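Coordinates as given in entry_16.txt (compact mmCIF, C-alpha atoms and all ligand atoms):
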```
# COMPACT_ATOMS: atom_id res chain seq x y z
CA MET Q 283 -36.47 -53.64 -124.23
CA ILE Q 284 -39.25 -51.21 -123.52
CA LEU Q 285 -42.10 -51.62 -125.95
CA ALA Q 286 -44.08 -48.67 -124.63
CA ALA Q 287 -41.66 -46.15 -126.04
CA ASN Q 288 -43.98 -43.16 -126.44
CA LEU Q 289 -45.97 -43.13 -123.26
CA PRO Q 290 -47.16 -39.72 -122.18
CA GLY Q 291 -47.23 -40.85 -118.56
CA ILE Q 292 -44.14 -41.77 -116.62
CA LEU Q 293 -44.98 -45.24 -115.49
CA TYR Q 294 -44.21 -48.08 -117.75
CA PRO Q 295 -43.84 -51.81 -117.46
CA LEU Q 296 -40.22 -52.90 -117.26
CA ALA Q 297 -38.65 -55.56 -119.41
CA ARG Q 298 -41.39 -55.75 -121.99
CA THR Q 299 -40.79 -58.21 -124.75
CA ALA Q 300 -41.23 -57.14 -128.32
CA CYS Q 301 -43.02 -60.19 -129.67
CA LEU Q 302 -46.18 -61.97 -128.68
CA PHE Q 303 -46.06 -65.33 -126.96
CA SER Q 304 -42.42 -64.76 -126.15
CA LEU Q 305 -42.37 -66.25 -122.66
CA LEU Q 306 -43.52 -69.74 -121.97
CA PHE Q 307 -44.22 -71.08 -118.54
CA LEU Q 308 -46.25 -73.80 -116.90
CA GLY Q 309 -49.39 -72.78 -115.07
CA ALA Q 310 -50.62 -74.25 -111.80
CA CYS Q 311 -52.53 -77.05 -113.47
CA GLY Q 312 -49.66 -77.95 -115.73
CA GLU Q 313 -51.39 -76.45 -118.75
CA GLN Q 314 -49.20 -74.25 -120.87
CA SER Q 315 -49.61 -70.50 -120.47
CA VAL Q 316 -47.97 -67.66 -122.30
CA LEU Q 317 -47.39 -64.00 -121.69
CA VAL Q 318 -49.39 -62.08 -124.25
CA GLU Q 319 -48.63 -58.41 -124.89
CA LEU Q 320 -51.49 -56.36 -126.33
CA SER Q 321 -51.77 -52.67 -127.12
CA GLY Q 322 -53.95 -50.07 -128.77
CA GLU Q 323 -55.05 -46.45 -128.64
CA THR Q 324 -57.63 -44.75 -126.46
CA MET Q 325 -58.39 -41.38 -124.84
CA GLY Q 326 -55.71 -39.64 -126.89
CA THR Q 327 -53.05 -42.00 -125.58
CA ARG Q 328 -51.99 -45.66 -125.79
CA TRP Q 329 -52.84 -48.68 -123.70
CA HIS Q 330 -50.75 -51.79 -123.06
CA VAL Q 331 -51.75 -55.03 -121.40
CA SER Q 332 -49.46 -57.90 -120.42
CA VAL Q 333 -51.49 -60.97 -119.51
CA ALA Q 334 -50.77 -64.59 -118.73
CA THR Q 335 -53.22 -66.74 -120.64
CA SER Q 336 -53.46 -70.20 -122.16
CA ALA Q 337 -51.75 -70.58 -125.50
CA ASP Q 338 -54.96 -71.34 -127.37
CA LYS Q 339 -56.81 -68.16 -126.39
CA PRO Q 340 -56.94 -65.89 -129.45
CA SER Q 341 -55.37 -62.55 -128.62
CA GLU Q 342 -57.64 -60.73 -131.11
CA GLN Q 343 -60.62 -61.45 -128.84
CA LEU Q 344 -58.80 -60.09 -125.82
CA THR Q 345 -57.68 -56.99 -127.71
CA ALA Q 346 -61.30 -56.34 -128.77
CA LEU Q 347 -62.54 -56.79 -125.19
CA ILE Q 348 -59.98 -54.31 -123.86
CA GLN Q 349 -60.52 -51.81 -126.68
CA ASP Q 350 -64.33 -51.91 -126.24
CA THR Q 351 -64.00 -51.42 -122.50
CA LEU Q 352 -61.78 -48.36 -122.90
CA ASP Q 353 -63.83 -46.95 -125.80
CA GLN Q 354 -66.91 -47.10 -123.59
CA VAL Q 355 -65.22 -45.02 -120.88
CA ASP Q 356 -64.03 -42.54 -123.50
CA ALA Q 357 -67.49 -42.33 -125.11
CA GLY Q 358 -69.04 -41.43 -121.76
CA MET Q 359 -66.40 -39.17 -120.27
CA SER Q 360 -64.40 -37.47 -123.02
CA THR Q 361 -64.71 -33.67 -123.02
CA TYR Q 362 -63.66 -33.76 -126.68
CA ARG Q 363 -66.82 -35.63 -127.75
CA PRO Q 364 -69.89 -33.38 -127.94
CA ASP Q 365 -72.16 -36.44 -127.55
CA SER Q 366 -70.46 -37.86 -124.44
CA ASP Q 367 -72.19 -37.55 -121.07
CA LEU Q 368 -69.77 -34.77 -120.14
CA GLY Q 369 -70.04 -33.12 -123.57
CA ARG Q 370 -73.83 -32.90 -123.14
CA PHE Q 371 -73.56 -31.78 -119.52
CA ASN Q 372 -71.04 -29.08 -120.40
CA ARG Q 373 -73.36 -27.61 -123.05
CA ALA Q 374 -76.54 -27.91 -120.97
CA ALA Q 375 -78.14 -24.85 -119.42
CA PRO Q 376 -78.25 -24.53 -115.62
CA GLY Q 377 -81.26 -26.36 -114.19
CA GLN Q 378 -81.46 -28.89 -117.03
CA TRP Q 379 -81.04 -32.58 -116.06
CA VAL Q 380 -78.65 -34.55 -118.27
CA THR Q 381 -78.88 -38.33 -118.23
CA ILE Q 382 -75.58 -40.14 -117.75
CA SER Q 383 -74.37 -43.74 -117.87
CA PRO Q 384 -73.89 -45.81 -114.69
CA GLN Q 385 -70.11 -45.55 -115.34
CA THR Q 386 -70.23 -41.75 -115.42
CA LEU Q 387 -72.29 -41.84 -112.22
CA ASP Q 388 -69.63 -44.06 -110.68
CA VAL Q 389 -66.77 -41.73 -111.63
CA THR Q 390 -68.75 -38.67 -110.52
CA GLY Q 391 -69.19 -40.21 -107.07
CA ILE Q 392 -65.47 -40.99 -106.80
CA ALA Q 393 -64.50 -37.53 -108.10
CA LEU Q 394 -66.73 -35.79 -105.55
CA ARG Q 395 -65.36 -37.93 -102.73
CA VAL Q 396 -61.74 -37.18 -103.67
CA ALA Q 397 -62.57 -33.48 -104.07
CA GLU Q 398 -63.90 -33.47 -100.51
CA GLN Q 399 -60.92 -35.40 -99.12
CA THR Q 400 -58.42 -33.10 -100.83
CA GLY Q 401 -60.12 -29.80 -100.02
CA ASN Q 402 -60.90 -29.43 -103.76
CA ALA Q 403 -57.24 -29.68 -104.84
CA PHE Q 404 -58.75 -32.30 -107.13
CA ASN Q 405 -61.81 -30.64 -108.61
CA PRO Q 406 -63.72 -32.16 -111.55
CA ALA Q 407 -65.42 -28.79 -112.20
CA VAL Q 408 -62.11 -27.28 -113.31
CA ALA Q 409 -62.99 -27.63 -117.03
CA THR Q 410 -63.61 -23.94 -117.80
CA LEU Q 411 -60.22 -23.08 -116.31
CA VAL Q 412 -58.53 -25.95 -118.16
CA ASP Q 413 -59.98 -24.61 -121.41
CA LEU Q 414 -58.97 -21.06 -120.57
CA TRP Q 415 -55.34 -22.12 -120.10
CA GLY Q 416 -55.37 -23.96 -123.42
CA PHE Q 417 -55.54 -27.59 -122.23
CA GLY Q 418 -59.15 -28.37 -123.07
CA PRO Q 419 -61.21 -28.94 -126.21
CA GLY Q 420 -61.83 -25.20 -126.68
CA GLU Q 421 -59.85 -22.91 -128.96
CA LEU Q 422 -56.28 -22.21 -127.92
CA GLY Q 423 -55.67 -18.50 -127.24
CA ALA Q 424 -52.30 -17.06 -128.24
CA SER Q 425 -51.71 -15.44 -124.86
CA VAL Q 426 -52.47 -16.34 -121.25
CA PRO Q 427 -55.86 -15.37 -119.76
CA ASP Q 428 -56.31 -12.13 -117.80
CA GLU Q 429 -57.49 -11.72 -114.19
CA ALA Q 430 -61.12 -11.07 -115.16
CA GLN Q 431 -61.30 -14.25 -117.25
CA ILE Q 432 -59.75 -16.29 -114.44
CA GLU Q 433 -62.12 -14.77 -111.88
CA ALA Q 434 -65.12 -15.62 -114.10
CA ALA Q 435 -63.89 -19.19 -114.69
CA LEU Q 436 -63.24 -19.67 -110.95
CA SER Q 437 -66.92 -18.97 -110.25
CA THR Q 438 -67.81 -22.08 -112.31
CA THR Q 439 -65.87 -24.51 -110.08
CA ARG Q 440 -68.27 -24.61 -107.10
CA LEU Q 441 -69.19 -28.24 -106.51
CA ASP Q 442 -72.18 -27.31 -104.34
CA GLN Q 443 -73.72 -26.20 -107.65
CA LEU Q 444 -73.68 -29.79 -108.95
CA GLU Q 445 -76.68 -32.06 -108.34
CA LEU Q 446 -76.69 -35.78 -108.80
CA ASP Q 447 -79.75 -38.01 -109.21
CA SER Q 448 -78.36 -41.50 -108.81
CA THR Q 449 -81.61 -43.30 -109.67
CA VAL Q 450 -82.01 -42.07 -113.30
CA PRO Q 451 -78.95 -41.47 -113.25
CA ALA Q 452 -78.59 -37.79 -114.17
CA LEU Q 453 -76.62 -34.66 -113.39
CA ARG Q 454 -77.43 -30.99 -113.41
CA LYS Q 455 -75.74 -27.73 -112.56
CA LEU Q 456 -77.47 -24.94 -110.69
CA SER Q 457 -75.16 -22.30 -112.15
CA PRO Q 458 -72.72 -22.34 -115.09
CA MET Q 459 -70.23 -25.20 -114.78
CA GLN Q 460 -68.27 -27.62 -116.95
CA LEU Q 461 -66.84 -30.97 -115.89
CA ASP Q 462 -63.48 -32.50 -116.83
CA TYR Q 463 -62.64 -36.08 -115.79
CA SER Q 464 -59.29 -36.16 -117.64
CA ALA Q 465 -57.39 -36.55 -114.36
CA ILE Q 466 -59.37 -39.63 -113.38
CA ALA Q 467 -60.82 -41.30 -116.54
CA LYS Q 468 -57.64 -43.10 -117.58
CA GLY Q 469 -57.37 -44.59 -114.10
CA TYR Q 470 -61.03 -45.61 -114.22
CA GLY Q 471 -60.53 -47.19 -117.66
CA THR Q 472 -57.54 -49.12 -116.31
CA ASP Q 473 -59.70 -50.54 -113.50
CA GLN Q 474 -62.52 -51.41 -115.92
CA VAL Q 475 -60.08 -53.42 -118.08
CA ALA Q 476 -58.95 -55.26 -114.92
CA VAL Q 477 -62.60 -56.10 -114.13
CA GLN Q 478 -63.16 -57.45 -117.66
CA LEU Q 479 -59.98 -59.54 -117.61
CA GLU Q 480 -60.98 -61.08 -114.26
CA ARG Q 481 -64.43 -61.85 -115.73
CA ALA Q 482 -62.71 -63.56 -118.65
CA GLY Q 483 -61.00 -65.83 -116.10
CA LEU Q 484 -57.61 -64.11 -116.22
CA HIS Q 485 -55.89 -63.41 -112.91
CA ASP Q 486 -52.30 -62.48 -113.80
CA PHE Q 487 -51.99 -59.24 -115.72
CA LEU Q 488 -50.62 -55.74 -115.92
CA VAL Q 489 -52.87 -53.07 -117.46
CA GLU Q 490 -51.49 -49.66 -118.36
CA VAL Q 491 -53.47 -46.78 -119.89
CA GLY Q 492 -51.49 -43.61 -120.62
CA GLY Q 493 -49.15 -44.27 -117.72
CA GLU Q 494 -51.73 -45.37 -115.13
CA VAL Q 495 -51.16 -48.99 -114.10
CA ARG Q 496 -53.10 -51.80 -112.42
CA THR Q 497 -51.62 -55.19 -111.67
CA ALA Q 498 -53.05 -58.53 -110.57
CA GLY Q 499 -51.36 -61.79 -109.65
CA GLU Q 500 -47.83 -62.18 -110.93
CA HIS Q 501 -45.63 -62.28 -113.97
CA PRO Q 502 -45.50 -65.70 -115.67
CA ARG Q 503 -41.87 -66.04 -114.57
CA GLY Q 504 -43.19 -66.33 -111.02
CA ARG Q 505 -42.12 -62.86 -109.88
CA PRO Q 506 -44.08 -59.69 -109.15
CA TRP Q 507 -44.94 -57.30 -111.96
CA ARG Q 508 -42.34 -54.58 -112.18
CA VAL Q 509 -43.04 -50.98 -113.09
CA GLY Q 510 -40.50 -48.22 -113.58
CA ILE Q 511 -40.87 -44.65 -112.36
CA GLU Q 512 -39.41 -42.62 -115.15
CA ARG Q 513 -36.95 -39.76 -114.80
CA PRO Q 514 -39.07 -36.67 -115.59
CA GLN Q 515 -38.10 -35.35 -119.01
CA ARG Q 516 -39.73 -34.48 -122.34
CA VAL Q 517 -38.76 -37.71 -124.06
CA GLN Q 518 -39.10 -41.03 -122.33
CA GLY Q 519 -36.03 -41.66 -120.23
CA ARG Q 520 -34.53 -44.17 -117.87
CA ALA Q 521 -36.28 -45.48 -114.79
CA ILE Q 522 -35.34 -43.58 -111.63
CA ALA Q 523 -36.89 -46.28 -109.42
CA ALA Q 524 -38.54 -49.66 -109.91
CA LEU Q 525 -41.60 -50.95 -108.07
CA SER Q 526 -42.63 -54.56 -107.56
CA LEU Q 527 -46.40 -54.88 -107.57
CA ALA Q 528 -48.93 -57.59 -106.82
CA ASP Q 529 -52.63 -56.59 -106.72
CA GLU Q 530 -52.22 -52.85 -106.82
CA ALA Q 531 -52.52 -49.72 -108.86
CA VAL Q 532 -50.09 -46.90 -109.46
CA ALA Q 533 -50.51 -43.55 -111.23
CA THR Q 534 -48.44 -40.45 -111.82
CA SER Q 535 -49.05 -36.79 -112.38
CA GLY Q 536 -46.43 -34.43 -113.76
CA ASP Q 537 -46.05 -31.49 -116.09
CA TYR Q 538 -42.98 -32.46 -118.08
CA ARG Q 539 -44.92 -33.87 -121.07
CA ASN Q 540 -48.13 -31.89 -121.10
CA TYR Q 541 -47.45 -28.18 -120.76
CA ARG Q 542 -47.65 -24.96 -122.79
CA GLU Q 543 -45.06 -22.29 -123.29
CA VAL Q 544 -46.16 -18.68 -123.75
CA ASP Q 545 -43.54 -15.90 -123.98
CA GLY Q 546 -40.87 -18.24 -122.64
CA ARG Q 547 -42.89 -19.20 -119.56
CA ARG Q 548 -43.98 -22.74 -118.96
CA TYR Q 549 -47.56 -23.50 -117.89
CA SER Q 550 -48.56 -26.85 -116.41
CA HIS Q 551 -51.77 -28.62 -117.44
CA THR Q 552 -52.55 -29.12 -113.75
CA ILE Q 553 -54.61 -26.19 -112.49
CA ASP Q 554 -54.86 -25.12 -108.85
CA PRO Q 555 -58.64 -24.69 -108.37
CA ALA Q 556 -57.97 -22.37 -105.41
CA THR Q 557 -56.19 -19.74 -107.53
CA GLY Q 558 -57.28 -20.55 -111.09
CA TYR Q 559 -53.61 -20.66 -112.18
CA PRO Q 560 -51.52 -23.62 -113.34
CA VAL Q 561 -49.40 -25.05 -110.54
CA SER Q 562 -45.92 -23.51 -110.47
CA HIS Q 563 -44.00 -25.32 -107.73
CA ARG Q 564 -40.91 -27.47 -108.20
CA LEU Q 565 -42.71 -30.79 -107.98
CA ALA Q 566 -41.79 -32.61 -111.19
CA SER Q 567 -43.69 -35.83 -110.66
CA VAL Q 568 -46.04 -37.48 -108.20
CA THR Q 569 -46.45 -41.25 -108.05
CA VAL Q 570 -49.27 -42.70 -105.95
CA LEU Q 571 -50.11 -46.31 -105.13
CA ALA Q 572 -53.68 -47.26 -104.27
CA PRO Q 573 -55.95 -50.30 -104.43
CA THR Q 574 -57.54 -48.94 -107.62
CA ALA Q 575 -56.11 -46.94 -110.52
CA VAL Q 576 -58.97 -44.44 -110.40
CA LEU Q 577 -58.00 -43.42 -106.86
CA ALA Q 578 -54.27 -43.43 -107.60
CA ASP Q 579 -54.94 -41.20 -110.63
CA ALA Q 580 -57.13 -38.71 -108.73
CA TYR Q 581 -54.80 -38.52 -105.70
CA ALA Q 582 -51.76 -38.02 -107.96
CA THR Q 583 -53.40 -34.98 -109.52
CA ALA Q 584 -54.50 -33.66 -106.11
CA ILE Q 585 -50.99 -34.00 -104.63
CA ASN Q 586 -49.55 -32.34 -107.72
CA VAL Q 587 -51.83 -29.37 -106.95
CA MET Q 588 -50.88 -29.34 -103.25
CA GLY Q 589 -47.13 -29.28 -103.94
CA PRO Q 590 -44.40 -31.21 -102.11
CA VAL Q 591 -44.98 -30.04 -98.52
CA ALA Q 592 -48.79 -30.15 -98.28
CA GLY Q 593 -48.83 -33.14 -100.65
CA LEU Q 594 -46.58 -35.20 -98.40
CA ALA Q 595 -48.58 -34.18 -95.31
CA PHE Q 596 -51.77 -35.33 -97.06
CA ALA Q 597 -50.11 -38.65 -97.99
CA GLU Q 598 -49.13 -39.19 -94.33
CA LYS Q 599 -52.64 -38.32 -93.11
CA MET Q 600 -54.21 -40.76 -95.58
CA ALA Q 601 -51.45 -43.40 -95.13
CA LEU Q 602 -50.97 -43.31 -98.91
CA PRO Q 603 -47.78 -44.64 -100.52
CA VAL Q 604 -46.53 -41.56 -102.42
CA TYR Q 605 -43.20 -40.87 -104.16
CA LEU Q 606 -42.25 -37.33 -105.22
CA LEU Q 607 -39.52 -36.00 -107.47
CA VAL Q 608 -38.77 -32.34 -106.77
CA LYS Q 609 -36.72 -30.29 -109.24
CA GLN Q 610 -33.35 -29.05 -107.97
CA GLN Q 611 -30.69 -26.90 -109.65
CA GLU Q 612 -29.38 -30.19 -110.89
CA GLY Q 613 -31.39 -33.38 -110.86
CA PHE Q 614 -34.21 -34.19 -108.47
CA GLU Q 615 -34.78 -34.50 -104.76
CA VAL Q 616 -36.64 -37.69 -103.86
CA LEU Q 617 -39.31 -37.49 -101.15
CA TYR Q 618 -41.67 -40.26 -100.09
CA SER Q 619 -44.30 -41.01 -97.48
CA SER Q 620 -43.86 -43.68 -94.76
CA ALA Q 621 -46.33 -45.97 -96.54
CA PHE Q 622 -44.07 -45.91 -99.61
CA GLU Q 623 -41.01 -47.25 -97.76
CA PRO Q 624 -41.82 -50.96 -98.26
CA TYR Q 625 -41.79 -50.40 -102.04
CA LEU Q 626 -38.22 -49.14 -102.08
CA GLN Q 627 -36.59 -52.53 -101.59
P1 LIG C 701 -51.88 -36.88 -116.86
O1 LIG C 701 -52.90 -36.66 -117.93
O2 LIG C 701 -50.52 -36.36 -117.16
O3 LIG C 701 -51.89 -38.28 -116.31
P2 LIG C 701 -53.51 -35.94 -114.71
O4 LIG C 701 -54.07 -37.29 -114.43
O5 LIG C 701 -52.98 -35.20 -113.56
O6 LIG C 701 -52.32 -35.93 -115.69
O7 LIG C 701 -54.65 -35.11 -115.42
C1 LIG C 701 -54.42 -33.79 -115.88
C2 LIG C 701 -55.69 -33.26 -116.53
O8 LIG C 701 -56.71 -33.13 -115.53
C3 LIG C 701 -55.52 -31.86 -117.10
O9 LIG C 701 -55.12 -31.92 -118.45
C4 LIG C 701 -56.92 -31.29 -116.93
O10 LIG C 701 -57.75 -31.70 -117.99
C5 LIG C 701 -57.42 -31.92 -115.66
N1 LIG C 701 -57.10 -31.13 -114.45
C6 LIG C 701 -56.21 -30.12 -114.30
N2 LIG C 701 -56.18 -29.66 -113.06
C7 LIG C 701 -57.10 -30.41 -112.35
C8 LIG C 701 -57.54 -30.41 -110.99
N3 LIG C 701 -57.04 -29.57 -110.09
N4 LIG C 701 -58.50 -31.30 -110.64
C9 LIG C 701 -59.01 -32.16 -111.54
N5 LIG C 701 -58.64 -32.20 -112.84
C10 LIG C 701 -57.68 -31.35 -113.25
MG MG C 702 -54.64 -37.94 -112.55
```
Represent the structure contained in this file as structure tokens.
Amino acid sequence: MILAANLPGILYPLARTACLFSLLFLGACGEQSVLVELSGETMGTRWHVSVATSADKPSEQLTALIQDTLDQVDAGMSTYRPDSDLGRFNRAAPGQWVTISPQTLDVTGIALRVAEQTGNAFNPAVATLVDLWGFGPGELGASVPDEAQIEAALSTTRLDQLELDSTVPALRKLSPMQLDYSAIAKGYGTDQVAVQLERAGLHDFLVEVGGEVRTAGEHPRGRPWRVGIERPQRVQGRAIAALSLADEAVATSGDYRNYREVDGRRYSHTIDPATGYPVSHRLASVTVLAPTAVLADAYATAINVMGPVAGLAFAEKMALPVYLLVKQQEGFEVLYSSAFEPYLQ
């Protein structure tokens, strides 16, 4: 049974069990451990954690630890919260320094690095465009934006206009700009939960936040964690492929859940920062494996922007395990990078 029935993302843990403490096994020291399944809500989506822990560890404490960790990421990086670091930055006038948390500094550094690596296919300064196309916190227009609006919003995506003071830490823009970390924050939250679980002495777990996944160790049954890549469709469907994971992260990007329809045309929530328009190729879903969920999340969005041909070339150049589903007249064409091959067994 799949417990995570309403995931917006397309990755989900396979063979979830519906009840807590449902699987018993003996740990290395002979002490009894159980598989605990925890879940909650964060960042406008749900999180699920499967963790092997000793039977006497109260799951309420673990749930609170995970929820606090994710709430902290959301409080700093949500564009929907006026008081978050990004909320304050987005409202600030050019030239004005805005203090940020060490976590937001961390994510900013990663976002800028991935932007550089991907030739700005991933661009955290895409927020004004995201809003314009109706996927941000701003008001949703009834129609699609016109050329002049897109042109104006494009001028706010220049990352050389962003300054970072890593000692305070603080951020400022030199000209109008808004930041959006929605394509990276869930991955970062997933990694932060993994850090907290390790600190709590737990080494075998699967963390999933809105479809971004990080695994450590193994399933209590003594096998790798297994994650399904879902068939892209509006409602959650069957797995099209299954991955066995050890200490890894995997994320997806796709437009089949989060899109808008205006006058019968479908608009993706992934924006190409080079044109200012939502991506419109036939790539239905991008799955990326990486050592951390934050990188997998950011690269998945970037490859979704690049499209199947440039996306696959980028994956080869970076030796990234990447799996693509490309829409055909009927069904999907499967494409993957060389580094993904070992995961197909
Ligand atoms: P999902 O939320 O389905 O996992 P992503 O991780 O790809 O998808 O994040 C999509 C979100 O990222 C969009 O809703 C938007 O807020 C933001 N975004 C859109 N295009 C870009 C881009 N080119 N670079 C960075 N962020 C983007
Ligand atoms: Mg992403």
Dump as JSON lines the rows for residues of chain Q within 10 Å of ligand MG 702 (chain C): closest atom pair and distance in Å with one decimal, all atoms listed in the file counted, ordered by chain and rising residue number.
```
{"residue": "Q:Gly291", "atom": "CA", "partner": "C:MG702", "partner_atom": "MG", "distance": 10.0}
{"residue": "Q:Phe404", "atom": "CA", "partner": "C:MG702", "partner_atom": "MG", "distance": 8.8}
{"residue": "Q:Tyr463", "atom": "CA", "partner": "C:MG702", "partner_atom": "MG", "distance": 8.8}
{"residue": "Q:Ser464", "atom": "CA", "partner": "C:MG702", "partner_atom": "MG", "distance": 7.1}
{"residue": "Q:Ala465", "atom": "CA", "partner": "C:MG702", "partner_atom": "MG", "distance": 3.6}
{"residue": "Q:Ile466", "atom": "CA", "partner": "C:MG702", "partner_atom": "MG", "distance": 5.1}
{"residue": "Q:Ala467", "atom": "CA", "partner": "C:MG702", "partner_atom": "MG", "distance": 8.1}
{"residue": "Q:Lys468", "atom": "CA", "partner": "C:MG702", "partner_atom": "MG", "distance": 7.8}
{"residue": "Q:Gly469", "atom": "CA", "partner": "C:MG702", "partner_atom": "MG", "distance": 7.4}
{"residue": "Q:Gly493", "atom": "CA", "partner": "C:MG702", "partner_atom": "MG", "distance": 9.8}
{"residue": "Q:Glu494", "atom": "CA", "partner": "C:MG702", "partner_atom": "MG", "distance": 8.4}
{"residue": "Q:Ala533", "atom": "CA", "partner": "C:MG702", "partner_atom": "MG", "distance": 7.1}
{"residue": "Q:Thr534", "atom": "CA", "partner": "C:MG702", "partner_atom": "MG", "distance": 6.7}
{"residue": "Q:Ser535", "atom": "CA", "partner": "C:MG702", "partner_atom": "MG", "distance": 5.7}
{"residue": "Q:Gly536", "atom": "CA", "partner": "C:MG702", "partner_atom": "MG", "distance": 9.0}
{"residue": "Q:Thr552", "atom": "CA", "partner": "C:MG702", "partner_atom": "MG", "distance": 9.1}
{"residue": "Q:Val568", "atom": "CA", "partner": "C:MG702", "partner_atom": "MG", "distance": 9.6}
{"residue": "Q:Thr569", "atom": "CA", "partner": "C:MG702", "partner_atom": "MG", "distance": 9.9}
{"residue": "Q:Val570", "atom": "CA", "partner": "C:MG702", "partner_atom": "MG", "distance": 9.7}
{"residue": "Q:Ala575", "atom": "CA", "partner": "C:MG702", "partner_atom": "MG", "distance": 9.3}
{"residue": "Q:Val576", "atom": "CA", "partner": "C:MG702", "partner_atom": "MG", "distance": 8.1}
{"residue": "Q:Leu577", "atom": "CA", "partner": "C:MG702", "partner_atom": "MG", "distance": 8.6}
{"residue": "Q:Ala578", "atom": "CA", "partner": "C:MG702", "partner_atom": "MG", "distance": 7.4}
{"residue": "Q:Asp579", "atom": "CA", "partner": "C:MG702", "partner_atom": "MG", "distance": 3.8}
{"residue": "Q:Ala580", "atom": "CA", "partner": "C:MG702", "partner_atom": "MG", "distance": 4.6}
{"residue": "Q:Tyr581", "atom": "CA", "partner": "C:MG702", "partner_atom": "MG", "distance": 6.9}
{"residue": "Q:Ala582", "atom": "CA", "partner": "C:MG702", "partner_atom": "MG", "distance": 5.4}
{"residue": "Q:Thr583", "atom": "CA", "partner": "C:MG702", "partner_atom": "MG", "distance": 4.4}
{"residue": "Q:Ala584", "atom": "CA", "partner": "C:MG702", "partner_atom": "MG", "distance": 7.7}
{"residue": "Q:Ile585", "atom": "CA", "partner": "C:MG702", "partner_atom": "MG", "distance": 9.6}
{"residue": "Q:Asn586", "atom": "CA", "partner": "C:MG702", "partner_atom": "MG", "distance": 9.0}
```
Non-local contacts of Q:Gln385 (12 Å; only C-alpha atoms; under 2 positions in same chain excluded) as a list in words: Thr351, Leu352, Gln354, Val355, Asp356, Ala357, Gly358, Met359, Ser366, Asp367, Leu368, Thr381, Ile382, Ser383, Leu387, Asp388, Val389, Thr390, Gly391, Ile392, Ser448, Pro451, Ala452, Ala467, Tyr470, Gly471, Asp473 and Gln474 of chain Q
task: Return the single residue from Q:Lys455, Q:Gly558, Q:Pro376, Q:Leu347 that is closest to Q:Ala430, with distances computed using all atoms listed in the file.
output: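 So, comparing all the options, the nearest one is Q:Gly558.
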statement: Shortest contact to Q:Arg508, candidates Q:Arg395, Q:Lys609, Q:Arg496, Q:His551, atoms counted all atoms listed in the file, goes to Q:Arg496
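Proximity to ligand LIG 701 (chain C) was assessed for Q:Gln431, Q:Thr386, Q:Thr439, Q:Asn405 counting all atoms listed in the file; the smallest distance is recorded for Q:Asn405.
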Residue among Q:Gly589, Q:Ala434, Q:Ala595, Q:Arg513 lying closest to Q:Gly613, counting all atoms listed in the file: Q:Arg513
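Considering only C-alpha atoms, the residue among Q:Tyr549, Q:Tyr605, Q:Tyr559, Q:Tyr362 positioned nearest to Q:Met325 is Q:Tyr362.
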- request: State, in Å with one decimal place, the distance from atom CA of Q:Thr438 to atom CA of Q:Asp462.
  value: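 Interatomic distance, atom CA of Q:Thr438 to atom CA of Q:Asp462: 12.2 Å.
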Distance criterion (all atoms listed in the file): nearest to Q:His485 out of Q:Ile553, Q:Ala498, Q:Leu453, Q:Ala592: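 Comparing Q:Ile553, Q:Ala498, Q:Leu453, Q:Ala592 against Q:His485, the winner is Q:Ala498.
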